[in-house]
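Below is protein29.cif, holding mmCIF, C-alpha atoms.
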```
data_data
loop_
_atom_site.label_atom_id
_atom_site.label_comp_id
_atom_site.auth_asym_id
_atom_site.auth_seq_id
_atom_site.Cartn_x
_atom_site.Cartn_y
_atom_site.Cartn_z
CA MET A 1 -78.51 8.49 -2.91
CA LYS A 2 -79.44 11.34 -5.29
CA TYR A 3 -75.83 12.45 -5.54
CA PHE A 4 -74.77 8.99 -6.56
CA LEU A 5 -77.51 8.53 -9.17
CA SER A 6 -76.58 11.83 -10.74
CA VAL A 7 -72.93 10.83 -11.03
CA VAL A 8 -73.78 7.41 -12.42
CA LEU A 9 -76.29 8.66 -14.98
CA THR A 10 -73.94 11.38 -16.16
CA SER A 11 -71.12 8.88 -16.49
CA PHE A 12 -73.33 6.50 -18.43
CA CYS A 13 -74.28 9.24 -20.90
CA LEU A 14 -70.63 10.16 -21.45
CA LEU A 15 -69.81 6.51 -21.81
CA LEU A 16 -72.46 5.97 -24.48
CA ALA A 17 -71.07 8.90 -26.45
CA SER A 18 -67.41 8.09 -26.17
CA CYS A 19 -66.84 4.34 -25.55
CA SER A 20 -67.24 2.03 -28.50
CA PHE A 21 -67.51 -1.13 -26.37
CA LEU A 22 -71.06 -0.10 -25.38
CA THR A 23 -72.28 0.28 -28.97
CA GLU A 24 -70.44 -2.62 -30.56
CA SER A 25 -70.99 -6.34 -29.96
CA VAL A 26 -69.40 -7.44 -26.70
CA PRO A 27 -66.43 -9.79 -27.12
CA GLU A 28 -66.18 -13.03 -25.16
CA TYR A 29 -64.55 -12.58 -21.77
CA ASP A 30 -60.78 -12.94 -21.94
CA PRO A 31 -58.93 -12.44 -18.62
CA THR A 32 -55.64 -11.86 -20.47
CA VAL A 33 -56.84 -8.70 -22.25
CA ASP A 34 -55.38 -5.49 -20.86
CA ILE A 35 -57.94 -2.92 -19.75
CA ASP A 36 -57.49 0.75 -18.95
CA ILE A 37 -58.74 0.27 -15.40
CA GLU A 38 -58.27 3.91 -14.42
CA GLN A 39 -60.57 4.97 -17.22
CA ILE A 40 -63.08 2.29 -16.29
CA LYS A 41 -63.10 3.45 -12.66
CA GLN A 42 -63.83 6.97 -13.87
CA ASP A 43 -66.68 5.71 -16.04
CA TYR A 44 -68.01 3.45 -13.24
CA PRO A 45 -67.48 5.35 -9.97
CA SER A 46 -67.39 3.59 -6.61
CA VAL A 47 -70.25 3.89 -4.16
CA SER A 48 -68.03 3.37 -1.10
CA ASN A 49 -64.72 1.68 -0.29
CA VAL A 50 -66.42 -1.68 -0.94
CA PRO A 51 -65.99 -3.20 -4.45
CA VAL A 52 -68.89 -2.41 -6.75
CA LEU A 53 -70.71 -4.68 -9.18
CA TYR A 54 -72.57 -3.01 -12.08
CA ILE A 55 -75.34 -5.11 -13.64
CA ASP A 56 -77.31 -3.97 -16.67
CA ILE A 57 -80.39 -5.79 -17.92
CA ASP A 58 -82.71 -5.02 -20.83
CA ARG A 59 -85.84 -4.65 -18.71
CA GLU A 60 -87.08 -3.04 -15.52
CA LEU A 61 -85.67 -4.68 -12.39
CA TRP A 62 -89.13 -5.43 -11.00
CA LEU A 63 -89.83 -7.66 -14.01
CA LEU A 64 -87.17 -10.19 -12.95
CA ASP A 65 -88.48 -13.42 -11.45
CA ARG A 66 -87.03 -16.64 -10.01
CA ASP A 67 -88.04 -18.93 -12.86
CA GLU A 68 -86.13 -17.62 -15.84
CA TYR A 69 -82.69 -16.14 -16.45
CA VAL A 70 -82.59 -12.93 -18.50
CA SER A 71 -79.61 -11.50 -20.38
CA ALA A 72 -77.34 -9.06 -18.58
CA THR A 73 -73.90 -7.51 -18.72
CA VAL A 74 -71.68 -7.18 -15.67
CA THR A 75 -68.90 -4.70 -14.96
CA ALA A 76 -66.62 -5.09 -11.94
CA PRO A 77 -63.90 -2.42 -12.04
CA ASP A 78 -61.93 -3.99 -9.17
CA SER A 79 -61.79 -7.25 -11.13
CA ASN A 80 -60.89 -5.57 -14.44
CA LEU A 81 -64.17 -6.84 -15.92
CA VAL A 82 -66.08 -4.66 -18.39
CA GLU A 83 -69.51 -5.44 -19.86
CA ILE A 84 -69.17 -9.22 -19.53
CA ASN A 85 -72.10 -11.24 -20.88
CA ALA A 86 -74.13 -12.90 -18.15
CA LYS A 87 -77.62 -13.93 -17.11
CA ILE A 88 -79.52 -13.02 -13.95
CA LYS A 89 -82.62 -14.24 -12.15
CA GLY A 90 -84.15 -14.02 -8.70
CA ARG A 91 -83.57 -16.60 -5.97
CA GLY A 92 -84.71 -17.49 -2.46
CA ASN A 93 -88.05 -18.22 -0.84
CA ALA A 94 -88.99 -15.80 1.96
CA SER A 95 -86.08 -13.55 0.96
CA TRP A 96 -87.54 -13.12 -2.54
CA LEU A 97 -90.45 -11.25 -0.95
CA LEU A 98 -88.14 -8.64 0.59
CA PRO A 99 -87.72 -5.14 -0.87
CA GLN A 100 -84.01 -5.80 -1.53
CA LYS A 101 -84.10 -9.08 -3.42
CA PRO A 102 -81.41 -11.78 -3.84
CA TYR A 103 -80.15 -12.87 -7.26
CA ASN A 104 -78.31 -15.63 -9.10
CA LEU A 105 -75.70 -14.59 -11.65
CA LYS A 106 -74.47 -16.91 -14.38
CA PHE A 107 -71.68 -16.03 -16.84
CA GLU A 108 -71.15 -17.61 -20.25
CA THR A 109 -67.62 -18.63 -19.28
CA ASP A 110 -65.74 -18.97 -16.00
CA VAL A 111 -65.18 -15.52 -14.49
CA ASP A 112 -63.04 -14.67 -11.46
CA LEU A 113 -64.92 -12.11 -9.40
CA PHE A 114 -62.66 -10.21 -7.01
CA GLY A 115 -60.20 -13.09 -6.64
CA LEU A 116 -62.78 -15.61 -5.38
CA GLY A 117 -61.94 -18.06 -8.18
CA ALA A 118 -63.06 -18.54 -11.77
CA GLU A 119 -66.59 -19.97 -12.03
CA LYS A 120 -69.76 -19.35 -14.02
CA SER A 121 -72.33 -19.23 -11.21
CA TRP A 122 -72.48 -16.70 -8.37
CA VAL A 123 -74.99 -15.65 -5.72
CA LEU A 124 -75.92 -12.17 -4.49
CA ILE A 125 -77.38 -12.54 -0.98
CA THR A 126 -79.66 -9.79 0.28
CA LEU A 127 -78.76 -8.29 3.66
CA PHE A 128 -82.19 -6.78 4.28
CA TYR A 129 -83.19 -9.19 7.09
CA ASP A 130 -79.99 -8.67 9.08
CA LYS A 131 -79.61 -5.19 10.53
CA THR A 132 -75.96 -5.86 11.41
CA LEU A 133 -75.30 -6.91 7.76
CA LEU A 134 -72.81 -9.42 9.21
CA ARG A 135 -74.46 -12.72 10.14
CA ASN A 136 -74.02 -14.54 6.84
CA TYR A 137 -70.49 -13.21 6.41
CA LEU A 138 -69.40 -14.12 9.96
CA THR A 139 -70.87 -17.62 9.86
CA LEU A 140 -69.47 -18.50 6.43
CA ASP A 141 -66.11 -17.16 7.58
CA LEU A 142 -66.26 -19.35 10.70
CA ALA A 143 -67.25 -22.35 8.58
CA LYS A 144 -64.22 -21.81 6.36
CA THR A 145 -62.00 -22.01 9.46
CA VAL A 146 -63.76 -24.86 11.23
CA CYS A 147 -65.01 -27.07 8.38
CA GLY A 148 -62.42 -26.65 5.65
CA GLU A 149 -61.94 -26.26 1.93
CA TYR A 150 -65.45 -26.88 0.59
CA GLU A 151 -66.99 -23.96 2.48
CA MET A 152 -68.16 -21.01 0.42
CA ASP A 153 -65.96 -17.96 -0.19
CA LYS A 154 -67.69 -14.59 0.05
CA MET A 155 -67.22 -10.82 0.10
CA PHE A 156 -69.26 -7.65 0.47
CA VAL A 157 -70.13 -5.75 -2.71
CA ASP A 158 -72.14 -2.67 -3.57
CA VAL A 159 -74.55 -3.46 -6.39
CA VAL A 160 -75.78 -1.04 -9.06
CA ILE A 161 -78.52 -2.36 -11.37
CA ASN A 162 -79.49 -0.39 -14.48
CA GLY A 163 -77.73 2.67 -13.09
CA GLU A 164 -79.51 2.58 -9.72
CA TYR A 165 -77.77 1.74 -6.45
CA ASN A 166 -79.44 -1.37 -5.02
CA GLY A 167 -77.63 -1.63 -1.71
CA LEU A 168 -74.93 -3.74 -0.11
CA TYR A 169 -74.91 -7.48 -0.86
CA LEU A 170 -72.87 -10.50 0.10
CA LEU A 171 -71.41 -12.05 -3.04
CA THR A 172 -70.82 -15.77 -2.54
CA GLU A 173 -69.96 -18.89 -4.40
CA LYS A 174 -72.84 -21.21 -5.22
CA VAL A 175 -73.18 -24.56 -3.46
CA GLU A 176 -72.49 -26.84 -6.41
CA ASP A 177 -70.28 -29.57 -7.80
CA SER A 178 -67.09 -27.90 -9.02
CA LYS A 179 -63.34 -28.31 -8.72
CA THR A 180 -63.16 -25.06 -6.76
CA ARG A 181 -66.35 -25.62 -4.72
CA VAL A 182 -67.67 -29.06 -3.74
CA ASP A 183 -65.29 -31.27 -5.70
CA LEU A 184 -67.24 -34.43 -6.55
CA SER A 185 -66.38 -37.24 -8.93
CA LYS A 186 -69.23 -38.44 -11.13
CA LYS A 187 -67.04 -41.40 -12.05
CA ASN A 188 -67.02 -42.48 -8.40
CA GLY A 189 -70.75 -41.85 -8.07
CA ASP A 190 -70.45 -38.81 -5.75
CA VAL A 191 -73.68 -36.89 -5.13
CA LEU A 192 -74.64 -33.57 -3.47
CA PHE A 193 -77.89 -33.37 -1.47
CA GLU A 194 -79.92 -30.75 0.34
CA ILE A 195 -81.65 -31.76 3.56
CA GLU A 196 -84.97 -30.07 4.26
CA GLN A 197 -88.38 -30.90 5.64
CA ALA A 198 -90.98 -32.58 3.45
CA TYR A 199 -93.54 -29.79 3.86
CA ARG A 200 -91.32 -27.60 1.71
CA HIS A 201 -92.29 -29.90 -1.19
CA ASP A 202 -95.95 -30.02 -0.15
CA TYR A 203 -95.17 -33.51 1.12
CA HIS A 204 -94.68 -34.73 -2.44
CA CYS A 205 -91.31 -35.16 -4.11
CA GLU A 206 -90.57 -37.91 -6.61
CA ASN A 207 -86.81 -37.41 -6.41
CA CYS A 208 -86.43 -37.27 -2.64
CA ILE A 209 -85.23 -39.85 -0.14
CA GLU A 210 -87.25 -40.22 3.07
CA LEU A 211 -85.48 -41.85 6.00
CA GLU A 212 -86.68 -43.46 9.20
CA SER A 213 -84.84 -40.88 11.29
CA GLY A 214 -86.90 -38.08 9.75
CA ALA A 215 -84.15 -36.79 7.45
CA HIS A 216 -85.53 -35.78 4.05
CA LEU A 217 -83.01 -35.47 1.20
CA THR A 218 -83.30 -33.96 -2.26
CA PHE A 219 -80.85 -34.47 -5.11
CA LYS A 220 -78.88 -31.31 -5.91
CA GLU A 221 -76.13 -32.63 -8.19
CA PRO A 222 -76.40 -34.46 -10.40
CA GLU A 223 -79.93 -33.19 -10.90
CA PRO A 224 -82.43 -35.72 -12.30
CA GLU A 225 -82.70 -33.81 -15.58
CA ASP A 226 -78.92 -34.08 -16.05
CA LEU A 227 -79.16 -37.87 -16.35
CA SER A 228 -81.07 -40.25 -18.53
CA LEU A 229 -84.15 -41.76 -16.85
CA ARG A 230 -82.37 -45.11 -16.64
CA ASP A 231 -79.21 -43.64 -15.11
CA PHE A 232 -81.16 -41.58 -12.58
CA LYS A 233 -83.27 -44.55 -11.48
CA LEU A 234 -80.06 -46.52 -10.95
CA LYS A 235 -78.45 -43.64 -9.03
CA TYR A 236 -81.59 -43.13 -6.95
CA SER A 237 -81.70 -46.81 -6.03
CA GLN A 238 -78.01 -46.81 -5.07
CA MET A 239 -78.34 -43.69 -2.93
CA GLU A 240 -81.55 -44.91 -1.29
CA ASP A 241 -79.83 -48.15 -0.26
CA PHE A 242 -76.79 -46.24 1.01
CA PHE A 243 -78.78 -43.73 3.05
CA GLU A 244 -81.06 -46.34 4.55
CA ALA A 245 -78.00 -48.29 5.72
CA ALA A 246 -76.30 -45.12 7.00
CA ASP A 247 -79.51 -44.01 8.72
CA ASP A 248 -79.84 -47.39 10.47
CA ALA A 249 -76.20 -47.22 11.58
CA ILE A 250 -76.61 -43.70 12.97
CA ARG A 251 -79.78 -44.62 14.84
CA SER A 252 -77.95 -47.60 16.36
CA LYS A 253 -75.80 -45.08 18.29
CA ASP A 254 -72.92 -47.51 17.80
CA PHE A 255 -69.73 -45.65 16.80
CA SER A 256 -68.22 -48.71 15.09
CA GLN A 257 -71.29 -48.93 12.87
CA PHE A 258 -72.00 -45.31 11.91
CA SER A 259 -68.32 -44.41 11.45
CA ASP A 260 -68.26 -46.86 8.52
CA TYR A 261 -70.78 -44.65 6.72
CA ILE A 262 -70.15 -41.07 7.83
CA ASP A 263 -67.13 -38.81 8.00
CA VAL A 264 -67.31 -38.17 11.73
CA GLU A 265 -65.06 -35.09 11.65
CA SER A 266 -67.26 -33.29 9.11
CA PHE A 267 -70.38 -34.08 11.14
CA ILE A 268 -68.77 -32.62 14.27
CA ASN A 269 -67.46 -29.49 12.55
CA TRP A 270 -70.78 -28.75 10.83
CA TYR A 271 -72.64 -29.24 14.09
CA ILE A 272 -70.35 -26.90 16.05
CA VAL A 273 -70.83 -24.07 13.53
CA ASN A 274 -74.60 -24.47 13.33
CA GLU A 275 -75.26 -25.01 17.02
CA PHE A 276 -72.97 -22.13 17.91
CA VAL A 277 -74.98 -19.67 15.79
CA LYS A 278 -78.23 -21.44 16.82
CA ASN A 279 -79.68 -21.32 13.32
CA PHE A 280 -83.34 -22.37 13.15
CA ASP A 281 -83.08 -23.89 9.65
CA SER A 282 -80.14 -26.05 10.71
CA ARG A 283 -82.46 -28.46 12.49
CA PHE A 284 -82.77 -30.02 9.03
CA VAL A 285 -85.54 -27.58 8.10
CA THR A 286 -83.85 -26.32 4.92
CA SER A 287 -80.50 -25.17 3.45
CA CYS A 288 -78.61 -28.06 5.09
CA TYR A 289 -76.23 -29.72 2.66
CA CYS A 290 -74.47 -33.07 2.66
CA TYR A 291 -72.63 -35.06 0.04
CA VAL A 292 -71.52 -38.62 -0.63
CA LYS A 293 -67.88 -38.75 -1.71
CA ASN A 294 -65.81 -41.91 -2.17
CA GLY A 295 -68.53 -43.92 -0.49
CA LYS A 296 -68.81 -41.81 2.69
CA LEU A 297 -71.33 -39.24 3.85
CA PHE A 298 -70.04 -35.73 4.69
CA MET A 299 -71.98 -32.80 6.20
CA GLY A 300 -71.71 -29.42 4.52
CA PRO A 301 -71.07 -26.97 3.12
CA CYS A 302 -72.69 -24.46 5.48
CA TRP A 303 -75.27 -22.10 4.00
CA ASP A 304 -77.88 -19.39 4.76
CA TYR A 305 -77.46 -17.57 8.07
CA ASP A 306 -79.22 -14.20 7.97
CA THR A 307 -81.65 -15.20 10.75
CA CYS A 308 -79.18 -16.84 13.14
CA MET A 309 -77.46 -15.51 16.32
CA GLY A 310 -80.62 -14.30 18.00
CA ASN A 311 -82.18 -12.73 14.90
CA GLN A 312 -85.37 -14.82 14.74
CA ASP A 313 -88.00 -15.08 17.46
CA VAL A 314 -88.83 -18.74 16.92
CA GLU A 315 -88.69 -21.56 19.46
CA THR A 316 -85.64 -20.81 21.67
CA CYS A 317 -83.42 -19.28 18.96
CA MET A 318 -83.38 -15.85 20.59
CA ASP A 319 -81.87 -17.27 23.77
CA PRO A 320 -78.04 -17.57 23.76
CA LYS A 321 -78.42 -20.44 26.21
CA GLY A 322 -79.73 -23.88 25.40
CA PHE A 323 -79.49 -26.12 22.36
CA HIS A 324 -81.42 -26.19 19.12
CA VAL A 325 -79.70 -28.26 16.43
CA ARG A 326 -78.98 -31.22 18.71
CA ILE A 327 -82.44 -32.71 18.14
CA ALA A 328 -82.13 -32.64 14.35
CA PRO A 329 -82.41 -36.06 12.71
CA TRP A 330 -79.06 -37.90 12.91
CA TYR A 331 -77.69 -35.59 15.60
CA VAL A 332 -80.24 -36.68 18.19
CA SER A 333 -78.69 -40.15 17.90
CA LEU A 334 -75.04 -39.21 17.31
CA LEU A 335 -74.87 -37.03 20.42
CA ARG A 336 -75.96 -39.96 22.56
CA ASN A 337 -72.80 -41.82 21.62
CA ASP A 338 -70.06 -41.21 24.21
CA GLU A 339 -67.19 -41.35 21.71
CA PHE A 340 -68.85 -38.91 19.31
CA TYR A 341 -69.70 -36.54 22.16
CA SER A 342 -66.15 -36.72 23.53
CA MET A 343 -64.76 -35.88 20.07
CA LEU A 344 -67.17 -32.94 19.89
CA CYS A 345 -66.00 -31.56 23.24
CA ASN A 346 -62.34 -31.98 22.29
CA ARG A 347 -62.89 -30.17 19.00
CA TRP A 348 -64.73 -27.30 20.69
CA GLU A 349 -61.97 -26.88 23.27
CA GLU A 350 -59.35 -26.97 20.51
CA LEU A 351 -61.14 -24.18 18.62
CA VAL A 352 -61.57 -22.08 21.77
CA SER A 353 -57.97 -22.54 22.90
CA THR A 354 -56.58 -21.56 19.50
CA GLY A 355 -58.55 -18.29 19.56
CA VAL A 356 -61.09 -19.07 16.84
CA PHE A 357 -63.97 -17.48 18.73
CA ASP A 358 -61.88 -14.55 19.96
CA ARG A 359 -61.18 -13.80 16.31
CA PHE A 360 -64.87 -14.23 15.55
CA ILE A 361 -65.74 -11.39 17.95
CA GLN A 362 -62.81 -9.30 16.70
CA ASN A 363 -64.10 -9.81 13.16
CA ILE A 364 -67.31 -7.97 14.09
CA ASP A 365 -65.40 -4.81 14.96
CA GLU A 366 -63.20 -5.07 11.89
CA GLN A 367 -66.09 -5.56 9.47
CA THR A 368 -68.20 -2.87 11.13
CA GLU A 369 -65.39 -0.38 10.61
CA TYR A 370 -64.79 -1.60 7.05
CA LEU A 371 -68.50 -1.20 6.21
CA SER A 372 -68.97 2.17 7.91
CA GLU A 373 -69.54 4.06 4.65
CA ALA A 374 -71.22 1.19 2.81
CA SER A 375 -73.65 0.49 5.67
CA ALA A 376 -74.73 4.16 5.80
CA ASN A 377 -75.44 4.09 2.05
CA HIS A 378 -77.26 0.76 2.37
CA PHE A 379 -79.63 1.96 5.08
CA GLU A 380 -80.25 5.18 3.19
CA ARG A 381 -81.30 3.02 0.24
CA TRP A 382 -83.33 0.59 2.39
CA PRO A 383 -84.44 2.53 5.50
CA THR A 384 -87.24 0.04 6.26
CA SER A 385 -84.59 -2.60 6.92
CA LEU A 386 -83.73 -0.84 10.18
CA THR A 387 -87.34 -0.10 11.14
CA SER A 388 -88.59 -3.65 10.48
CA GLY A 389 -89.70 -5.86 13.35
CA ASP A 390 -90.58 -8.85 11.16
CA LEU A 391 -88.09 -11.35 12.61
CA ARG A 392 -87.92 -10.37 16.27
CA GLY A 393 -91.14 -8.47 16.92
CA LYS A 394 -91.02 -6.59 20.22
CA ASN A 395 -87.36 -7.61 20.59
CA ALA A 396 -86.32 -5.69 17.48
CA LEU A 397 -83.88 -2.80 17.73
CA PHE A 398 -83.86 0.11 15.35
CA THR A 399 -80.35 1.46 15.03
CA TYR A 400 -77.27 -0.10 13.48
CA GLU A 401 -75.20 0.54 16.62
CA GLU A 402 -77.78 -1.11 18.89
CA GLU A 403 -77.90 -4.14 16.62
CA ILE A 404 -74.11 -4.54 16.61
CA ASP A 405 -74.04 -4.35 20.42
CA TYR A 406 -76.88 -6.87 20.63
CA LEU A 407 -75.02 -9.28 18.34
CA LYS A 408 -71.76 -9.06 20.32
CA ASN A 409 -73.57 -9.54 23.61
CA TRP A 410 -75.45 -12.57 22.26
CA ILE A 411 -72.25 -14.18 20.99
CA GLU A 412 -70.37 -13.66 24.25
CA LYS A 413 -73.20 -15.30 26.20
CA ARG A 414 -73.38 -18.13 23.66
CA ILE A 415 -69.67 -18.90 24.02
CA GLU A 416 -70.01 -18.82 27.79
CA PHE A 417 -72.92 -21.29 27.66
CA LEU A 418 -71.22 -23.73 25.28
CA ASN A 419 -68.01 -23.57 27.29
CA SER A 420 -70.00 -24.72 30.32
CA LYS A 421 -71.46 -27.66 28.40
CA TRP A 422 -68.81 -28.80 25.93
CA LYS A 423 -65.96 -29.39 28.28
CA THR A 424 -63.93 -32.57 28.70
CA GLU A 425 -63.83 -34.21 32.09
#
```

Show this structure as C-alpha cells.
Amino acid sequence: MKYFLSVVLTSFCLLLASCSFLTESVPEYDPTVDIDIEQIKQDYPSVSNVPVLYIDIDRELWLLDRDEYVSATVTAPDSNLVEINAKIKGRGNASWLLPQKPYNLKFETDVDLFGLGAEKSWVLITLFYDKTLLRNYLTLDLAKTVCGEYEMDKMFVDVVINGEYNGLYLLTEKVEDSKTRVDLSKKNGDVLFEIEQAYRHDYHCENCIELESGAHLTFKEPEPEDLSLRDFKLKYSQMEDFFEAADDAIRSKDFSQFSDYIDVESFINWYIVNEFVKNFDSRFVTSCYCYVKNGKLFMGPCWDYDTCMGNQDVETCMDPKGFHVRIAPWYVSLLRNDEFYSMLCNRWEELVSTGVFDRFIQNIDEQTEYLSEASANHFERWPTSLTSGDLRGKNALFTYEEEIDYLKNWIEKRIEFLNSKWKTE
C-alpha cells in the first residue's frame, strides 16, 4: 500500500496548508450545509470503489483500548461528511486480539453514514477472521430478509486511520434501543437483553437472570447505571418474574402456554437464520439478543457471524450436515412441539420457494465481484489473514478464491441437508 500512503500523506500536507477547516475549530455537524464534495474527494482519495471512512485520532492507533473512548474526527466523502467530531474505542473479545481490530464509533450528534440512517453509535467489524470477507455481511443480509425491520443494516467500507490504510471493514448499526434500530418503549417497560453463558461473567453477574432451562440473560438496555437503584431493582424483579414464567411455559412444550409469552414468528425466523449458518455462538453461548416489547418476548436481532458457515472447527460446525442450534436452551423444548415444528417447516419451505436462498448464493458472486479491488488491497494490508489456520486448523485454505469456493460448496450442501429435514408431510 506504499502508493496509497504516499498519496494520502501528500494530500494531507496540502490540506493542512490550504484548508482552513483543519486549523480552525470544527463546527457542529449540520447535514444541511453544502460541501464542495469534488474538492473533498480530491483531498481524501478513495482506496477502491468501496466507500472510504477517514478517522483521525490524537494518539497512536495501538494506544486505543476497549475501556475508554478517545476523541476523533471522521470524514466520509461519499456521505458529504468532513471532519465530524466523534469518539472511538476498541470492541470485541477474541476479535480485539486480532491484528486488524474492531472499533466502536460514537458521534456527538446523529450522523447518517452512507444512507444507513442518522444515529450516534456505529460499529466497525473486523474481517480478519473470515477469509471470504463475506460471512457477517451475508448473514446480516439474510436476517434482514427473514426476520424483518429490527435487523442491522450494514455496508463494506475501507478505513484509513491517521493517514494509514487499515483494511476493509463491515460498518454496521449497533444493537441498541433506538427508533431506527430496536424500537423499544421505556414507558411500556420494554427491555433489550443479551443471552450468553455464565462463564463469560466468571459465573458471577449481579444484573443477570438465570433460568431453569439454562438460558442466562444480561440487561443491555436500559443498562443498570441508566436507572436509579430503586427503579432498576423494580425492573429486575419484573423481568425475573416474566422470564421465569416464560421459561416454565417454554419447557412445558405446550403451544397454548408458551405462545402467550413469546412471539412465535420471531423465534422461528431467528432460528432458521442461525441454524442455517450453523453459528457456534448461537447455541446461546454469546451475542444472542432478545427483547421484551409490549409484554412479549422476541428473538433478535441477529449478530456476530464471522466464524459461521464452516469457518470454525468446533463441535460439528464444520459439517454442513446436522444440527447445532436446536439444543440451545428454549429451542430444545420448542422444537419438540408439533405445532411449532410444523410452522418452522412451512416457513423454511416458503423462504426456499420464493428464492431467498438462491439469492443468498447469488449474493456471494455479486459481492465477490464488487470487492475485487478492495479485497486485494485488504489482503495486501493483512497478508496473515489468508495464511492463518487459527479457526480451522488443518482444514484452512490459503487463497481467496479457494475460500469463496469452499463457502459456496458448504452453503449448497447445507441447503440440501435442511431441505431433507424441514419439509412438510

Could you tell me which residues the PyMOL selection byres ((chain A and resi 334) around 12) returns for this structure, as a PyMOL selection string? chain A and resi 213+246-259+262+264+267-268+271+325-333+335-344

Between A:Tyr406, A:Tyr305, A:Tyr44, A:Tyr69, which has the minimum distance to Asn136 (chain A) (counting all atoms listed in the file)?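 Looking only at the distances to Asn136 (chain A), the closest residue turns out to be A:Tyr305.
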
Just want the 9 Å neighbourhood of Leu386 (chain A), counted on all atoms listed in the file, with same-chain residues fewer than 6 positions away dropped. Output as a list of chain:residue names.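 So, after excluding close chain neighbours, the residues are A:Phe128, A:Tyr129, A:Asp130, A:Lys131, A:Phe379, A:Leu397, A:Phe398, A:Thr399, A:Tyr400.
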
Using CA of Ile272 (chain A) and CA of Ala396 (chain A) as the two end points, give the distance in Å to one decimal. 26.6 Å

Point out the residue among A:Lys278, A:Asn294, A:Phe219, A:Ala143 with the least atom-to-atom distance to Asn188 (chain A), counting all atoms listed in the file.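 Looking only at the distances to Asn188 (chain A), the closest residue turns out to be A:Asn294.
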
Could you expand the PyMOL selection byres ((chain A and resi 166) around 12) into the explicit residues it covers here, written as JSON, numbers by chain? {"A": [1, 4, 5, 47, 52, 53, 54, 55, 61, 99, 100, 101, 102, 103, 124, 126, 127, 128, 157, 158, 159, 160, 161, 162, 163, 164, 165, 167, 168, 169, 374, 377, 378, 379, 380, 381, 382]}

So that I have them on file, write out the residues from the current selection with C-alpha atoms, as a CSV table (one decimal), in the coordinates of the input.
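As written to disk, part.csv reads:
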```csv
chain,number,residue,atom,x,y,z
A,1,MET,CA,-78.5,8.5,-2.9
A,4,PHE,CA,-74.8,9.0,-6.6
A,5,LEU,CA,-77.5,8.5,-9.2
A,47,VAL,CA,-70.2,3.9,-4.2
A,52,VAL,CA,-68.9,-2.4,-6.8
A,53,LEU,CA,-70.7,-4.7,-9.2
A,54,TYR,CA,-72.6,-3.0,-12.1
A,55,ILE,CA,-75.3,-5.1,-13.6
A,61,LEU,CA,-85.7,-4.7,-12.4
A,99,PRO,CA,-87.7,-5.1,-0.9
A,100,GLN,CA,-84.0,-5.8,-1.5
A,101,LYS,CA,-84.1,-9.1,-3.4
A,102,PRO,CA,-81.4,-11.8,-3.8
A,103,TYR,CA,-80.2,-12.9,-7.3
A,124,LEU,CA,-75.9,-12.2,-4.5
A,126,THR,CA,-79.7,-9.8,0.3
A,127,LEU,CA,-78.8,-8.3,3.7
A,128,PHE,CA,-82.2,-6.8,4.3
A,157,VAL,CA,-70.1,-5.8,-2.7
A,158,ASP,CA,-72.1,-2.7,-3.6
A,159,VAL,CA,-74.6,-3.5,-6.4
A,160,VAL,CA,-75.8,-1.0,-9.1
A,161,ILE,CA,-78.5,-2.4,-11.4
A,162,ASN,CA,-79.5,-0.4,-14.5
A,163,GLY,CA,-77.7,2.7,-13.1
A,164,GLU,CA,-79.5,2.6,-9.7
A,165,TYR,CA,-77.8,1.7,-6.4
A,167,GLY,CA,-77.6,-1.6,-1.7
A,168,LEU,CA,-74.9,-3.7,-0.1
A,169,TYR,CA,-74.9,-7.5,-0.9
A,374,ALA,CA,-71.2,1.2,2.8
A,377,ASN,CA,-75.4,4.1,2.0
A,378,HIS,CA,-77.3,0.8,2.4
A,379,PHE,CA,-79.6,2.0,5.1
A,380,GLU,CA,-80.2,5.2,3.2
A,381,ARG,CA,-81.3,3.0,0.2
A,382,TRP,CA,-83.3,0.6,2.4
```

Work out how far CA of Thr145 (chain A) is from CA of Val273 (chain A), in Å to one decimal. 9.9 Å

Mind rebuilding region 228-237 of chain A with N, CA and C atoms and writing that out as a PDB file, in the coordinates of the input?
```pdb
ATOM      1  N   SER A 228     -79.999 -39.533 -17.859  1.00  0.00           N
ATOM      2  CA  SER A 228     -81.070 -40.250 -18.530  1.00  0.00           C
ATOM      3  C   SER A 228     -81.978 -40.863 -17.463  1.00  0.00           C
ATOM      4  N   LEU A 229     -83.210 -41.181 -17.817  1.00  0.00           N
ATOM      5  CA  LEU A 229     -84.150 -41.760 -16.850  1.00  0.00           C
ATOM      6  C   LEU A 229     -83.581 -43.045 -16.266  1.00  0.00           C
ATOM      7  N   ARG A 230     -82.950 -43.853 -17.107  1.00  0.00           N
ATOM      8  CA  ARG A 230     -82.370 -45.110 -16.640  1.00  0.00           C
ATOM      9  C   ARG A 230     -81.244 -44.865 -15.651  1.00  0.00           C
ATOM     10  N   ASP A 231     -80.354 -43.916 -15.991  1.00  0.00           N
ATOM     11  CA  ASP A 231     -79.210 -43.640 -15.110  1.00  0.00           C
ATOM     12  C   ASP A 231     -79.676 -43.041 -13.787  1.00  0.00           C
ATOM     13  N   PHE A 232     -80.701 -42.178 -13.832  1.00  0.00           N
ATOM     14  CA  PHE A 232     -81.160 -41.580 -12.580  1.00  0.00           C
ATOM     15  C   PHE A 232     -81.836 -42.623 -11.696  1.00  0.00           C
ATOM     16  N   LYS A 233     -82.630 -43.503 -12.286  1.00  0.00           N
ATOM     17  CA  LYS A 233     -83.270 -44.550 -11.480  1.00  0.00           C
ATOM     18  C   LYS A 233     -82.221 -45.423 -10.809  1.00  0.00           C
ATOM     19  N   LEU A 234     -81.141 -45.727 -11.523  1.00  0.00           N
ATOM     20  CA  LEU A 234     -80.060 -46.520 -10.950  1.00  0.00           C
ATOM     21  C   LEU A 234     -79.387 -45.750  -9.827  1.00  0.00           C
ATOM     22  N   LYS A 235     -79.090 -44.459 -10.060  1.00  0.00           N
ATOM     23  CA  LYS A 235     -78.450 -43.640  -9.030  1.00  0.00           C
ATOM     24  C   LYS A 235     -79.360 -43.490  -7.812  1.00  0.00           C
ATOM     25  N   TYR A 236     -80.642 -43.266  -8.060  1.00  0.00           N
ATOM     26  CA  TYR A 236     -81.590 -43.130  -6.950  1.00  0.00           C
ATOM     27  C   TYR A 236     -81.617 -44.396  -6.108  1.00  0.00           C
ATOM     28  N   SER A 237     -81.661 -45.535  -6.758  1.00  0.00           N
ATOM     29  CA  SER A 237     -81.700 -46.810  -6.030  1.00  0.00           C
ATOM     30  C   SER A 237     -80.432 -47.013  -5.208  1.00  0.00           C
TER      31      SER A 237
END
```
